[in-house]
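**Q** Structure incoming, see below.
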Amino acid sequence: MKNALHFALLFAIFLLTACRPGGAPEENAAEPEPVRIVQDYPTAGVATSADGTDVAYSSQGSGNPAVVFIHGWSCDRTYWRHQLEAFSPEHRIVSVDLAGHGDSGNSRHDWSLQAFGDDVRAVVDALGLQKVILVGHSMGGPVALEAARLLPGRVLGVVGVDALHDAGMQVDPAQWQGLLTAYRQDFPGTCDRFVRSMFLPDADQTLVQDVVQDMCAAPPEVAIRLLELFPDYDMKAAFRNAGAPIRSINAASYPTNVEGNRQFAPDYDAVVMEGVGHFLMMEKPEEFNGHLRTMIEGFEVTGTS
């Protein structure tokens with residue numbers, strides 16, 4: 001079972017576990033109440049994407065290059081709280097709410113990773129940033145690649161966070177349709193089980209519950225529309241067209257195909273973290289920040305790390 005997005009693999013894992021005895025999503029689960037991962041996150045500014053969608057963002061610090069953080073599917077900019085304070089003394093730190101997420105508008109018609117890339121481009125342009133490093137978690141990884149393509153000469157590097165594992169992957173269409181059916185029939189219950197499956201058994205249960213409640217309160221129409229689009233995304237082209245060095249900081253739970261990715265981005269490299277699930281920047285923030293700092297320093301000096 002393969003896919004152009006690692007996120008698709010995670011969904012496929014969900015499908016496999018859901019088919020085991022006792023593994024089916026709870027039927028008719030109650031609609032969760034939205035929860036903010038961080039209640040006092042810095043006040044957002046607003047940029048306007050090419051299609052007129054309002055794109056909310058937070059910005060702190062003033063150093064160069066700027067580091068722009070991009071969240072994943074059904075998340076928001078507050079998932080980067082541990083990076084905000086760690087990096088803002090040395091860099092301008094920007095975190096973006098992609099359209100349909102967090103405080104951004106959700107009236108978009110073209111729900112695509114390319115359109116999300118333009119959301120990031122709009123924020124970078126609104127802030128007048130000339131040199132940036134793009135850091136994207138999960139779905140935010142390919143979004144960062146799309147943004148890099150739209151910002152030629154301004155992106156020093158792209159870092160995927162538990163993302164960009166294998167550009168050559170593909171998905172089983174029947175299995176993917178099974179996932180979509182489950183989400184359409186019971187979005188809260190299916191989401192609940194899926195999100196919990198992305199954490200290790202010994203994960204901080206307060207963090208797990210906060211992320212479950214937050215992600216599963218996402219607008220179902222937006223979340224499902226994005227799932228419909230993922231299988232057709234051309235990750236190989238995204239790697240080739242990024243125009244910047246590409247790195248990953250990934251969890252050890254699924255292998256990263258470094259050599260395979262180098263067919264499409266010759267200098268691709270990755271760091272693997274042990275003992276974390278999908279939200280490594282929240283689960284082990286100090287270790288994660290150390291790896292990210294090393295990559296940022298490498299991009300600053302030579303454009304590689």
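Within each chain, counting starts at residue 1; across the structure tokens, chains are named A, B, ... in the order shown, with ligands numbered 1 upward in that order.
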For region 223-259 of chain A against region 173-182 of chain A, with a cut-off of 10 Å and counting only C-alpha atoms, what is the closest atom pair and its distance in Å to one decimal for every residue that makes the cut, ordered by chain and number, as a tab-separated table?
**A**
residue	atom	partner	partner_atom	distance
A:Ile224	CA	A:Leu180	CA	7.2
A:Arg225	CA	A:Leu180	CA	9.4
A:Leu227	CA	A:Leu180	CA	7.2
A:Glu228	CA	A:Leu180	CA	7.3
A:Phe230	CA	A:Trp176	CA	9.7
A:Pro231	CA	A:Pro173	CA	8.0
**Q** Got a sec to tell me which of region 64-179 of chain A DSSP assigns to alpha helix (DSSP H), as a PyMOL selection string?
**A** chain A and resi 81-87+113-126+140-150+173-179
**Q** Excluding Asp76 (chain A) and its own-chain neighbours fewer than 2 positions away, which residues fall within 6 Å of it when counting only C-alpha atoms? Please give them as a list in words.
**A**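 The neighbour list is His71, Thr78, Asp97, His101 and Gly102 of chain A.
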**Q** Of the candidates A:Asp166, A:Asp210, A:Glu283, A:Glu297, which shows the shortest atom-to-atom distance to Cys75 (chain A), using only C-alpha atoms?
**A**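 Answer, going by the shortest atom-to-atom distance: A:Asp210.
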**Q** What gap, in Å, lies between CA of Arg121 (chain A) and CA of Leu151 (chain A)?
**A**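 Computed distance, CA of Arg121 (chain A) to CA of Leu151 (chain A), equals 6.7 Å.
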**Q** Determine the nearest neighbour of Pro142 (chain A) from the options A:Ile246, A:Val67, A:Ala47, A:Val123, counting only C-alpha atoms.
**A**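 Comparing A:Ile246, A:Val67, A:Ala47, A:Val123 against Pro142 (chain A), the winner is A:Ile246.
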**Q** Take CA of Leu164 (chain A) and CA of Val96 (chain A) and report the distance between them in Å, one decimal.
**A**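 Rounded to one decimal, the two atoms are 19.3 Å apart.
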**Q** With only C-alpha atoms as the atoms that count, which of A:Val55, A:Val94, A:Ala244, A:Val222 lies nearest to Trp111 (chain A)?
**A**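 Ranked by minimum distance to Trp111 (chain A), first place goes to A:Val222.
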**Q** Could you list, as a list in words, every residue within 10 Å of His278 (chain A), counting only C-alpha atoms and ignoring same-chain residues fewer than 3 positions away?
**A**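 Listed by chain and then number, they are Phe7, Leu10, His137, Ser138, Val161, Asp162, Ala163, Val195, Ser197, Met198, Phe199, Leu200, Asn250, Ala251, Ala252, Ser253, Tyr254, Met281, Met282 and Glu283 of chain A.
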**Q** Restricting it to N, CA and C atoms, dump the selection as a compact mmCIF listing (two decimals), in the first residue's frame.
**A**
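As written to disk, again-v6.txt reads:
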# COMPACT_ATOMS: atom_id res chain seq x y z
N PHE A 7 0.99 11.01 4.68
CA PHE A 7 -0.28 11.11 5.38
C PHE A 7 -1.23 10.01 4.93
N LEU A 10 -0.61 6.84 6.78
CA LEU A 10 -1.20 6.85 8.11
C LEU A 10 -2.68 6.50 8.04
N HIS A 137 4.49 20.35 8.85
CA HIS A 137 4.16 19.08 9.51
C HIS A 137 3.13 18.32 8.70
N SER A 138 3.38 17.03 8.47
CA SER A 138 2.41 16.14 7.83
C SER A 138 1.98 16.71 6.48
N VAL A 161 8.14 17.69 8.58
CA VAL A 161 8.10 17.15 9.93
C VAL A 161 7.14 15.96 9.93
N ASP A 162 7.68 14.78 10.11
CA ASP A 162 6.98 13.52 9.86
C ASP A 162 6.22 13.63 8.54
N ALA A 163 6.97 13.95 7.52
CA ALA A 163 6.42 14.22 6.19
C ALA A 163 7.50 13.95 5.15
N VAL A 195 -6.82 9.70 14.83
CA VAL A 195 -5.86 10.58 15.51
C VAL A 195 -5.18 9.84 16.65
N SER A 197 -4.51 6.78 16.80
CA SER A 197 -3.56 5.81 16.24
C SER A 197 -2.23 6.45 15.87
N MET A 198 -2.16 7.77 15.81
CA MET A 198 -0.92 8.46 15.45
C MET A 198 0.00 8.69 16.64
N PHE A 199 -0.44 8.32 17.83
CA PHE A 199 0.38 8.44 19.03
C PHE A 199 0.85 7.06 19.49
N LEU A 200 2.00 7.02 20.15
CA LEU A 200 2.47 5.79 20.76
C LEU A 200 1.66 5.50 22.02
N ASN A 250 11.70 13.01 10.91
CA ASN A 250 10.61 12.05 10.90
C ASN A 250 10.65 11.12 12.10
N ALA A 251 9.50 10.59 12.47
CA ALA A 251 9.40 9.57 13.50
C ALA A 251 9.88 8.23 12.94
N ALA A 252 10.39 7.39 13.82
CA ALA A 252 10.92 6.09 13.39
C ALA A 252 9.83 5.08 13.08
N SER A 253 8.57 5.43 13.34
CA SER A 253 7.48 4.47 13.18
C SER A 253 7.24 4.06 11.74
N TYR A 254 7.72 4.88 10.79
CA TYR A 254 7.61 4.50 9.38
C TYR A 254 8.90 4.91 8.69
N MET A 281 7.03 17.29 17.19
CA MET A 281 7.42 18.63 17.64
C MET A 281 6.71 19.01 18.93
N MET A 282 5.65 18.27 19.29
CA MET A 282 4.93 18.50 20.54
C MET A 282 5.28 17.44 21.58
N GLU A 283 5.63 16.25 21.13
CA GLU A 283 5.89 15.14 22.04
C GLU A 283 7.28 15.22 22.67
**Q** Enumerate, in order of chain and increasing residue number, the residues of region 149-259 of chain A with an atom no farther than 7 Å from region 264-271 of chain A, each with its shortest atom pair and distance in Å to one decimal, counting only C-alpha atoms, as CSV.
**A**
residue,atom,partner,partner_atom,distance
A:Lys236,CA,A:Phe264,CA,6.2
A:Phe239,CA,A:Phe264,CA,5.7
A:Arg240,CA,A:Phe264,CA,5.3
A:Pro245,CA,A:Asp267,CA,6.7
A:Ile246,CA,A:Tyr268,CA,5.2
A:Arg247,CA,A:Asp269,CA,5.1
A:Ser248,CA,A:Ala270,CA,4.5
A:Ile249,CA,A:Val271,CA,4.8
A:Asn250,CA,A:Val271,CA,6.3
A:Val258,CA,A:Asp269,CA,6.1
**Q** Write out as a list in words which residues come within 9 Å of Asp118 (chain A) when counting only C-alpha atoms, dropping same-chain ones fewer than 5 positions away.
**A** Ser49, Ala50, Leu113, Val123, Val143, Glu146, Ala147 and Leu150 of chain A
**Q** Which distance in Å separates CA of Val272 (chain A) and CA of Asp119 (chain A), to one decimal?
**A**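 Taking CA of Val272 (chain A) as the start and CA of Asp119 (chain A) as the end point, the length is 28.7 Å.
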**Q** Need the shell around region 51-54 of chain A: protein/DNA/RNA residues with any atom at most 9 Å away, counting only C-alpha atoms. Skip same-chain ones fewer than 3 positions apart. Format as a PyMOL selection string?
**A** chain A and resi 46-48+99+103-110+115+119
**Q** Please write the residues from the selection above to a file, keeping C-alpha atoms, as an mmCIF file, in the first residue's frame.
**A**
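After the write, again.cif holds the following:
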data_model
loop_
_atom_site.group_PDB
_atom_site.id
_atom_site.type_symbol
_atom_site.label_atom_id
_atom_site.label_comp_id
_atom_site.auth_asym_id
_atom_site.auth_seq_id
_atom_site.Cartn_x
_atom_site.Cartn_y
_atom_site.Cartn_z
ATOM 1 C CA VAL A 46 -4.304 38.447 8.098
ATOM 2 C CA ALA A 47 -2.995 38.111 4.541
ATOM 3 C CA THR A 48 -5.084 37.523 1.417
ATOM 4 C CA ALA A 99 -7.498 28.221 4.608
ATOM 5 C CA ASP A 103 -8.736 31.585 12.200
ATOM 6 C CA SER A 104 -8.501 31.594 8.392
ATOM 7 C CA GLY A 105 -11.415 31.818 5.975
ATOM 8 C CA ASN A 106 -13.125 28.680 4.682
ATOM 9 C CA SER A 107 -15.059 29.909 1.637
ATOM 10 C CA ARG A 108 -12.487 28.584 -0.832
ATOM 11 C CA HIS A 109 -13.645 26.572 -3.852
ATOM 12 C CA ASP A 110 -10.255 25.198 -4.953
ATOM 13 C CA ALA A 115 -3.836 26.592 -3.126
ATOM 14 C CA ASP A 119 -1.688 30.769 1.356
#
**Q** Pick the closest to Glu221 (chain A) from A:Tyr183, A:Gly45, A:Asp125, A:Asp192: which is it, counting only C-alpha atoms?
**A**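 Looking only at the distances to Glu221 (chain A), the closest residue turns out to be A:Tyr183.
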**Q** Using only C-alpha atoms for the distances, tell me which of A:Ser95, A:Gln83, A:Ser62, A:Ser74 is nearest to Gly290 (chain A).
**A**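 The shortest atom-to-atom distance to Gly290 (chain A) comes from A:Gln83.
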